[in-house]
$ cat query_10.txt   # compact mmCIF, C-alpha atoms
# COMPACT_ATOMS: atom_id res chain seq x y z
CA MET A 1 -38.68 23.36 18.33
CA THR A 2 -39.92 20.21 20.10
CA MET A 3 -37.76 17.56 21.76
CA ASP A 4 -38.49 15.10 18.94
CA GLN A 5 -37.38 17.66 16.36
CA ASN A 6 -34.18 18.28 18.34
CA ASN A 7 -33.46 14.55 18.42
CA ALA A 8 -34.08 14.29 14.68
CA THR A 9 -31.69 17.20 14.04
CA ASN A 10 -28.97 15.64 16.17
CA GLN A 11 -29.36 12.29 14.39
CA SER A 12 -29.05 13.99 10.99
CA GLN A 13 -25.63 15.46 11.88
CA PRO A 14 -22.55 13.50 10.72
CA ALA A 15 -21.03 11.09 13.20
CA THR A 16 -17.69 12.87 13.00
CA ALA A 17 -19.11 16.25 14.10
CA GLY A 18 -17.32 17.57 17.15
CA LYS A 19 -14.48 15.06 16.88
CA PRO A 20 -10.90 16.43 16.88
CA TYR A 21 -9.08 16.61 13.55
CA LYS A 22 -6.68 13.70 13.12
CA TYR A 23 -3.21 13.69 11.60
CA THR A 24 -2.78 10.26 10.04
CA MET A 25 -0.28 8.73 7.63
CA GLY A 26 -2.85 9.33 4.89
CA TRP A 27 -2.94 13.02 5.83
CA LEU A 28 0.86 13.18 5.67
CA GLY A 29 0.96 11.54 2.24
CA LEU A 30 -1.71 13.80 0.73
CA HIS A 31 -0.19 16.97 2.16
CA THR A 32 3.30 16.00 0.99
CA LEU A 33 2.02 15.41 -2.55
CA PHE A 34 0.16 18.73 -2.41
CA ALA A 35 3.30 20.55 -1.21
CA LEU A 36 5.46 19.10 -4.00
CA ALA A 37 2.84 19.74 -6.70
CA MET A 38 2.32 23.32 -5.53
CA ALA A 39 6.08 23.92 -5.41
CA GLY A 40 6.40 22.60 -8.97
CA ILE A 41 3.60 24.81 -10.32
CA LEU A 42 4.78 27.93 -8.53
CA SER A 43 8.41 27.38 -9.56
CA ILE A 44 7.17 27.47 -13.18
CA ALA A 45 5.52 30.81 -12.37
CA ALA A 46 8.84 32.00 -10.89
CA SER A 47 10.59 31.05 -14.13
CA GLY A 48 8.08 33.33 -15.86
CA VAL A 49 9.40 36.17 -13.71
CA ASP A 50 12.88 35.28 -14.97
CA SER A 51 11.64 35.60 -18.55
CA LEU A 52 10.11 38.97 -17.67
CA SER A 53 13.43 40.10 -16.23
CA ALA A 54 15.07 39.36 -19.59
CA SER A 55 12.66 41.69 -21.38
CA ARG A 56 13.11 44.37 -18.70
CA ALA A 57 16.88 44.11 -19.08
CA GLY A 58 16.48 44.41 -22.84
CA ALA A 59 14.53 47.61 -22.32
CA LYS A 60 17.39 48.95 -20.16
CA LEU A 61 15.16 49.00 -17.07
CA LEU A 62 17.22 46.38 -15.23
CA SER A 63 21.00 46.07 -15.04
CA ALA A 64 22.71 42.97 -16.42
CA ALA A 65 24.12 42.12 -12.97
CA SER A 66 20.68 42.26 -11.30
CA ARG A 67 19.14 40.27 -14.13
CA SER A 68 21.76 37.53 -13.61
CA MET A 69 21.08 37.45 -9.85
CA ILE A 70 17.32 37.18 -10.40
CA THR A 71 17.86 34.29 -12.83
CA GLU A 72 19.98 32.45 -10.27
CA SER A 73 17.56 33.15 -7.40
CA THR A 74 14.60 31.68 -9.32
CA LEU A 75 16.55 28.42 -9.66
CA TYR A 76 16.01 27.90 -5.93
CA SER A 77 12.26 28.66 -6.02
CA PHE A 78 11.15 25.01 -5.96
CA ALA A 79 13.32 24.23 -2.93
CA VAL A 80 12.18 27.34 -1.02
CA ILE A 81 8.48 26.71 -1.60
CA ALA A 82 8.70 22.96 -0.92
CA ILE A 83 10.78 23.31 2.26
CA SER A 84 8.60 26.13 3.59
CA THR A 85 5.38 24.19 2.94
CA VAL A 86 6.68 20.99 4.52
CA SER A 87 7.87 23.04 7.51
CA LEU A 88 4.35 24.42 7.83
CA MET A 89 3.04 20.84 7.83
CA LEU A 90 5.37 19.95 10.71
CA ILE A 91 4.22 23.05 12.60
CA GLU A 92 0.62 21.95 12.08
CA VAL A 93 1.35 18.50 13.50
CA ALA A 94 3.52 19.74 16.36
CA PHE A 95 1.16 22.46 17.57
CA ARG A 96 -2.13 20.77 16.60
CA LYS A 97 -3.37 23.86 14.72
CA ARG A 98 -5.25 22.88 11.59
CA ILE A 99 -4.23 24.66 8.35
CA ASN A 100 -6.36 24.07 5.27
CA TYR A 101 -5.28 23.73 1.65
CA LEU A 102 -6.33 27.28 0.77
CA GLN A 103 -4.09 28.67 3.52
CA TYR A 104 -1.17 26.53 2.32
CA GLY A 105 -1.83 27.87 -1.17
CA LEU A 106 -1.79 31.48 0.04
CA VAL A 107 1.59 30.93 1.71
CA GLY A 108 2.88 29.42 -1.53
CA CYS A 109 1.61 32.43 -3.51
CA ALA A 110 3.37 34.80 -1.10
CA LEU A 111 6.61 32.85 -1.62
CA CYS A 112 6.18 33.05 -5.40
CA LEU A 113 5.33 36.75 -5.34
CA PHE A 114 8.75 37.27 -3.74
CA TYR A 115 10.38 36.98 -7.17
CA LEU A 116 8.12 39.52 -8.86
CA LEU A 117 8.69 41.99 -6.03
CA LEU A 118 12.42 41.32 -6.25
CA LEU A 119 12.40 42.13 -9.95
CA SER A 120 10.37 45.30 -9.40
CA LEU A 121 12.62 46.68 -6.67
CA SER A 122 15.83 45.64 -8.43
CA GLU A 123 14.95 48.14 -11.16
CA LEU A 124 15.09 50.93 -8.58
CA MET A 125 17.99 49.96 -6.29
CA PRO A 126 20.96 47.57 -5.97
CA PHE A 127 20.06 43.88 -5.95
CA ALA A 128 21.26 43.23 -2.38
CA ALA A 129 19.09 46.03 -1.00
CA ALA A 130 16.08 44.86 -3.00
CA TYR A 131 16.60 41.25 -1.87
CA THR A 132 16.84 42.28 1.79
CA ILE A 133 13.69 44.41 1.66
CA VAL A 134 11.61 41.80 -0.16
CA SER A 135 12.86 39.03 2.16
CA LEU A 136 11.80 41.04 5.22
CA MET A 137 8.42 41.75 3.64
CA THR A 138 7.82 38.07 2.82
CA VAL A 139 9.04 36.74 6.17
CA GLY A 140 6.98 39.37 8.01
CA LEU A 141 3.82 38.58 6.03
CA ILE A 142 4.08 34.82 6.52
CA GLY A 143 5.00 35.26 10.19
CA TRP A 144 1.90 37.42 10.68
CA PHE A 145 -0.23 34.82 8.85
CA VAL A 146 1.12 31.90 10.91
CA ASN A 147 0.43 33.90 14.07
CA GLY A 148 -3.18 34.32 12.95
CA LEU A 149 -3.47 30.61 12.16
CA THR A 150 -1.87 29.23 15.32
CA ALA A 151 -1.84 32.04 17.92
CA ASN A 152 1.36 30.40 19.15
CA ARG A 153 4.65 32.29 19.50
CA LYS A 154 6.78 29.17 19.17
CA ALA A 155 5.05 28.26 15.92
CA VAL A 156 5.61 31.78 14.58
CA ALA A 157 9.26 31.79 15.66
CA THR A 158 9.79 28.40 13.97
CA ALA A 159 8.21 29.50 10.68
CA VAL A 160 10.03 32.84 10.64
CA GLY A 161 13.37 31.24 11.57
CA ILE A 162 13.15 28.62 8.81
CA LEU A 163 12.12 31.11 6.13
CA ALA A 164 14.70 33.73 7.14
CA SER A 165 17.42 31.06 7.12
CA GLU A 166 16.40 29.96 3.62
CA TYR A 167 16.59 33.47 2.19
CA ALA A 168 19.90 34.17 3.96
CA VAL A 169 21.47 30.98 2.60
CA ILE A 170 20.26 31.72 -0.94
CA LEU A 171 21.68 35.25 -0.83
CA LEU A 172 24.98 33.79 0.34
CA LEU A 173 24.96 31.28 -2.52
CA LEU A 174 24.24 34.03 -5.05
CA TYR A 175 27.39 35.91 -4.04
CA LEU A 176 29.71 32.92 -3.55
CA GLY A 177 30.35 32.31 -7.24
CA SER A 178 32.53 29.22 -7.73
CA MET A 179 32.00 28.09 -4.11
CA ALA A 180 28.21 28.04 -4.51
CA LEU A 181 28.11 24.39 -5.62
CA LEU A 182 30.10 23.18 -2.61
CA ILE A 183 28.14 25.25 -0.09
CA GLY A 184 24.85 24.34 -1.75
CA SER A 185 25.70 20.64 -1.55
CA LEU A 186 26.58 20.97 2.15
CA VAL A 187 23.32 22.81 2.80
CA LEU A 188 21.35 20.04 1.06
CA PHE A 189 23.21 17.47 3.18
CA ALA A 190 22.23 19.39 6.32
CA LEU A 191 18.60 19.57 5.17
CA ILE A 192 18.46 15.82 4.57
CA ALA A 193 19.92 15.26 8.04
CA LEU A 194 17.25 17.53 9.54
CA ALA A 195 14.53 15.72 7.59
CA MET A 196 15.79 12.39 8.94
CA TYR A 197 15.83 13.82 12.48
CA PHE A 198 12.24 15.03 12.28
CA THR A 199 10.99 11.78 10.76
CA LEU A 200 12.50 10.00 13.76
CA ARG A 201 10.49 12.31 16.02
CA LEU A 202 7.27 11.59 14.13
CA LYS A 203 5.41 8.88 16.02
CA LEU A 204 2.12 7.09 15.48
CA VAL A 205 -0.01 7.08 18.63
CA ASP A 206 -3.42 5.42 18.19
CA GLU A 207 -2.91 5.71 14.40
CA GLU A 208 -2.34 9.47 14.70
CA LEU A 209 0.90 11.34 14.01
CA THR A 210 2.58 13.24 16.81
CA LEU A 211 5.84 15.19 16.81
CA ASN A 212 7.75 14.72 20.06

$ encode --input "query_10.txt" --output "structure tokens"
Amino acid sequence: MTMDQNNATNQSQPATAGKPYKYTMGWLGLHTLFALAMAGILSIAASGVDSLSASRAGAKLLSAASRSMITESTLYSFAVIAISTVSLMLIEVAFRKRINYLQYGLVGCALCLFYLLLLSLSELMPFAAAYTIVSLMTVGLIGWFVNGLTANRKAVATAVGILASEYAVILLLLYLGSMALLIGSLVLFALIALAMYFTLRLKLVDEELTLN
């Protein structure tokens, strides 16, 4: 290829080629809308698992107690998927490791599959054992995926810690009975406080978001 052809090829490339990916307020808005929409769609899928659990219980394949626990756990599906996805967004901004929409979607699918796996294992063993096993599987899978995306131990530890905490709190709420409303309200209060804290740490530097 001649020098003139090389110059023509370089001129034909987009002006943004080679430039670092930027995290702007527009990026934050689009990703937040995507996270909420995905959480809404996948929570509907999780409610389908609840309907399936009713038919399995009717066929005497699932105990009434486990069926009730699965129903209650799916009520938290929107919150789990939304919080986990937003946490992944903060990890992306903090560690400057780009994650595309497909990869966000795969994480959301893994979080939704949790409920189908929970139903399947609950037919074979006590609910608490099934919940623990499926939680470890899901946390391990997403931790492995985040490690592949970021190659950063702190990012992996953050993602795993947030997800493990979510599943632990939900299991606690499932067994608290009448105290679940009070504890759930306190947990939501703590989450809002954390959200406020992280928004204070989000700064615009040269029109780009940073998390200090």

$ closest_residue --input "query_10.txt" --among "A:Leu102, A:Leu75, A:Leu52, A:Ala151" --to "A:Phe34" --atoms "only C-alpha atoms"
A:Leu102

$ atom_distance --input "query_10.txt" --atom1 "atom CA of A:Ser73" --atom2 "atom CA of A:Leu194"
23.0 Å

$ atom_distance --input "query_10.txt" --atom1 "atom CA of A:Val80" --atom2 "atom CA of A:Arg56"
24.6 Å

$ atom_distance --input "query_10.txt" --atom1 "atom CA of A:Leu118" --atom2 "atom CA of A:Tyr104"
21.8 Å

$ closest_atom_pairs --input "query_10.txt" --of "stretch 79-107 of chain A" --to "stretch 180-192 of chain A" --cutoff "12 Å" --atoms "all atoms listed in the file" --output "CSV"
residue,atom,partner,partner_atom,distance
A:Ala79,CA,A:Leu188,CA,9.9
A:Val80,CA,A:Leu191,CA,11.8
A:Ile83,CA,A:Leu191,CA,9.1
A:Ser87,CA,A:Leu191,CA,11.5

$ residues_around --input "query_10.txt" --residues "A:Val134" --least-positions-apart "2" --cutoff "9 Å" --atoms "only C-alpha atoms" --output "list in words"
Phe114, Tyr115, Leu117, Leu118, Leu121, Ala129, Ala130, Tyr131, Thr132, Leu136, Met137, Thr138 and Val139 of chain A

$ closest_residue --input "query_10.txt" --among "A:Asn100, A:Ser47, A:Ser84, A:Ser120" --to "A:Glu166" --atoms "only C-alpha atoms"
A:Ser84

$ closest_residue --input "query_10.txt" --among "A:Tyr21, A:Phe145, A:Tyr175, A:Tyr76" --to "A:Gln103" --atoms "all atoms listed in the file"
A:Phe145

$ closest_residue --input "query_10.txt" --among "A:Leu36, A:Lys22, A:Leu116, A:Met69" --to "A:Val49" --atoms "all atoms listed in the file"
A:Leu116

$ closest_residue --input "query_10.txt" --among "A:Leu173, A:Ala155, A:Leu28, A:Ile133" --to "A:Ala94" --atoms "all atoms listed in the file"
A:Ala155

$ build_atoms --input "query_10.txt" --residues "stretch 142-163 of chain A" --atoms "N, CA and C atoms" --output "PDB file, in the frame of the given file"
ATOM      1  N   ILE A 142       4.369  36.216   6.173  1.00  0.00           N
ATOM      2  CA  ILE A 142       4.080  34.820   6.520  1.00  0.00           C
ATOM      3  C   ILE A 142       4.099  34.626   8.035  1.00  0.00           C
ATOM      4  N   GLY A 143       4.992  35.323   8.729  1.00  0.00           N
ATOM      5  CA  GLY A 143       5.000  35.260  10.190  1.00  0.00           C
ATOM      6  C   GLY A 143       3.695  35.756  10.774  1.00  0.00           C
ATOM      7  N   TRP A 144       3.191  36.876  10.234  1.00  0.00           N
ATOM      8  CA  TRP A 144       1.900  37.420  10.680  1.00  0.00           C
ATOM      9  C   TRP A 144       0.772  36.419  10.414  1.00  0.00           C
ATOM     10  N   PHE A 145       0.811  35.770   9.232  1.00  0.00           N
ATOM     11  CA  PHE A 145      -0.230  34.820   8.850  1.00  0.00           C
ATOM     12  C   PHE A 145      -0.202  33.590   9.766  1.00  0.00           C
ATOM     13  N   VAL A 146       0.999  33.068  10.029  1.00  0.00           N
ATOM     14  CA  VAL A 146       1.120  31.900  10.910  1.00  0.00           C
ATOM     15  C   VAL A 146       0.641  32.250  12.323  1.00  0.00           C
ATOM     16  N   ASN A 147       0.912  33.469  12.768  1.00  0.00           N
ATOM     17  CA  ASN A 147       0.430  33.900  14.070  1.00  0.00           C
ATOM     18  C   ASN A 147      -1.095  33.890  14.108  1.00  0.00           C
ATOM     19  N   GLY A 148      -1.719  34.354  13.015  1.00  0.00           N
ATOM     20  CA  GLY A 148      -3.180  34.320  12.950  1.00  0.00           C
ATOM     21  C   GLY A 148      -3.732  32.915  12.910  1.00  0.00           C
ATOM     22  N   LEU A 149      -3.001  31.991  12.280  1.00  0.00           N
ATOM     23  CA  LEU A 149      -3.470  30.610  12.160  1.00  0.00           C
ATOM     24  C   LEU A 149      -3.296  29.822  13.455  1.00  0.00           C
ATOM     25  N   THR A 150      -2.200  30.070  14.166  1.00  0.00           N
ATOM     26  CA  THR A 150      -1.870  29.230  15.320  1.00  0.00           C
ATOM     27  C   THR A 150      -1.996  29.934  16.665  1.00  0.00           C
ATOM     28  N   ALA A 151      -1.851  31.269  16.668  1.00  0.00           N
ATOM     29  CA  ALA A 151      -1.840  32.040  17.920  1.00  0.00           C
ATOM     30  C   ALA A 151      -0.810  31.464  18.900  1.00  0.00           C
ATOM     31  N   ASN A 152       0.332  31.045  18.347  1.00  0.00           N
ATOM     32  CA  ASN A 152       1.360  30.400  19.150  1.00  0.00           C
ATOM     33  C   ASN A 152       2.716  31.010  18.787  1.00  0.00           C
ATOM     34  N   ARG A 153       3.379  31.602  19.772  1.00  0.00           N
ATOM     35  CA  ARG A 153       4.650  32.290  19.500  1.00  0.00           C
ATOM     36  C   ARG A 153       5.738  31.346  19.031  1.00  0.00           C
ATOM     37  N   LYS A 154       5.762  30.134  19.573  1.00  0.00           N
ATOM     38  CA  LYS A 154       6.780  29.170  19.170  1.00  0.00           C
ATOM     39  C   LYS A 154       6.585  28.772  17.710  1.00  0.00           C
ATOM     40  N   ALA A 155       5.336  28.599  17.307  1.00  0.00           N
ATOM     41  CA  ALA A 155       5.050  28.260  15.920  1.00  0.00           C
ATOM     42  C   ALA A 155       5.490  29.383  14.988  1.00  0.00           C
ATOM     43  N   VAL A 156       5.210  30.622  15.380  1.00  0.00           N
ATOM     44  CA  VAL A 156       5.610  31.780  14.580  1.00  0.00           C
ATOM     45  C   VAL A 156       7.128  31.867  14.492  1.00  0.00           C
ATOM     46  N   ALA A 157       7.805  31.714  15.626  1.00  0.00           N
ATOM     47  CA  ALA A 157       9.260  31.790  15.660  1.00  0.00           C
ATOM     48  C   ALA A 157       9.879  30.694  14.785  1.00  0.00           C
ATOM     49  N   THR A 158       9.291  29.497  14.796  1.00  0.00           N
ATOM     50  CA  THR A 158       9.790  28.400  13.970  1.00  0.00           C
ATOM     51  C   THR A 158       9.653  28.723  12.486  1.00  0.00           C
ATOM     52  N   ALA A 159       8.465  29.178  12.082  1.00  0.00           N
ATOM     53  CA  ALA A 159       8.210  29.500  10.680  1.00  0.00           C
ATOM     54  C   ALA A 159       9.106  30.632  10.200  1.00  0.00           C
ATOM     55  N   VAL A 160       9.214  31.687  11.003  1.00  0.00           N
ATOM     56  CA  VAL A 160      10.030  32.840  10.640  1.00  0.00           C
ATOM     57  C   VAL A 160      11.508  32.445  10.580  1.00  0.00           C
ATOM     58  N   GLY A 161      11.964  31.666  11.541  1.00  0.00           N
ATOM     59  CA  GLY A 161      13.370  31.240  11.570  1.00  0.00           C
ATOM     60  C   GLY A 161      13.743  30.414  10.355  1.00  0.00           C
ATOM     61  N   ILE A 162      12.873  29.472   9.968  1.00  0.00           N
ATOM     62  CA  ILE A 162      13.150  28.620   8.810  1.00  0.00           C
ATOM     63  C   ILE A 162      13.194  29.443   7.535  1.00  0.00           C
ATOM     64  N   LEU A 163      12.198  30.315   7.354  1.00  0.00           N
ATOM     65  CA  LEU A 163      12.120  31.110   6.130  1.00  0.00           C
ATOM     66  C   LEU A 163      13.275  32.109   6.027  1.00  0.00           C
TER      67      LEU A 163
END
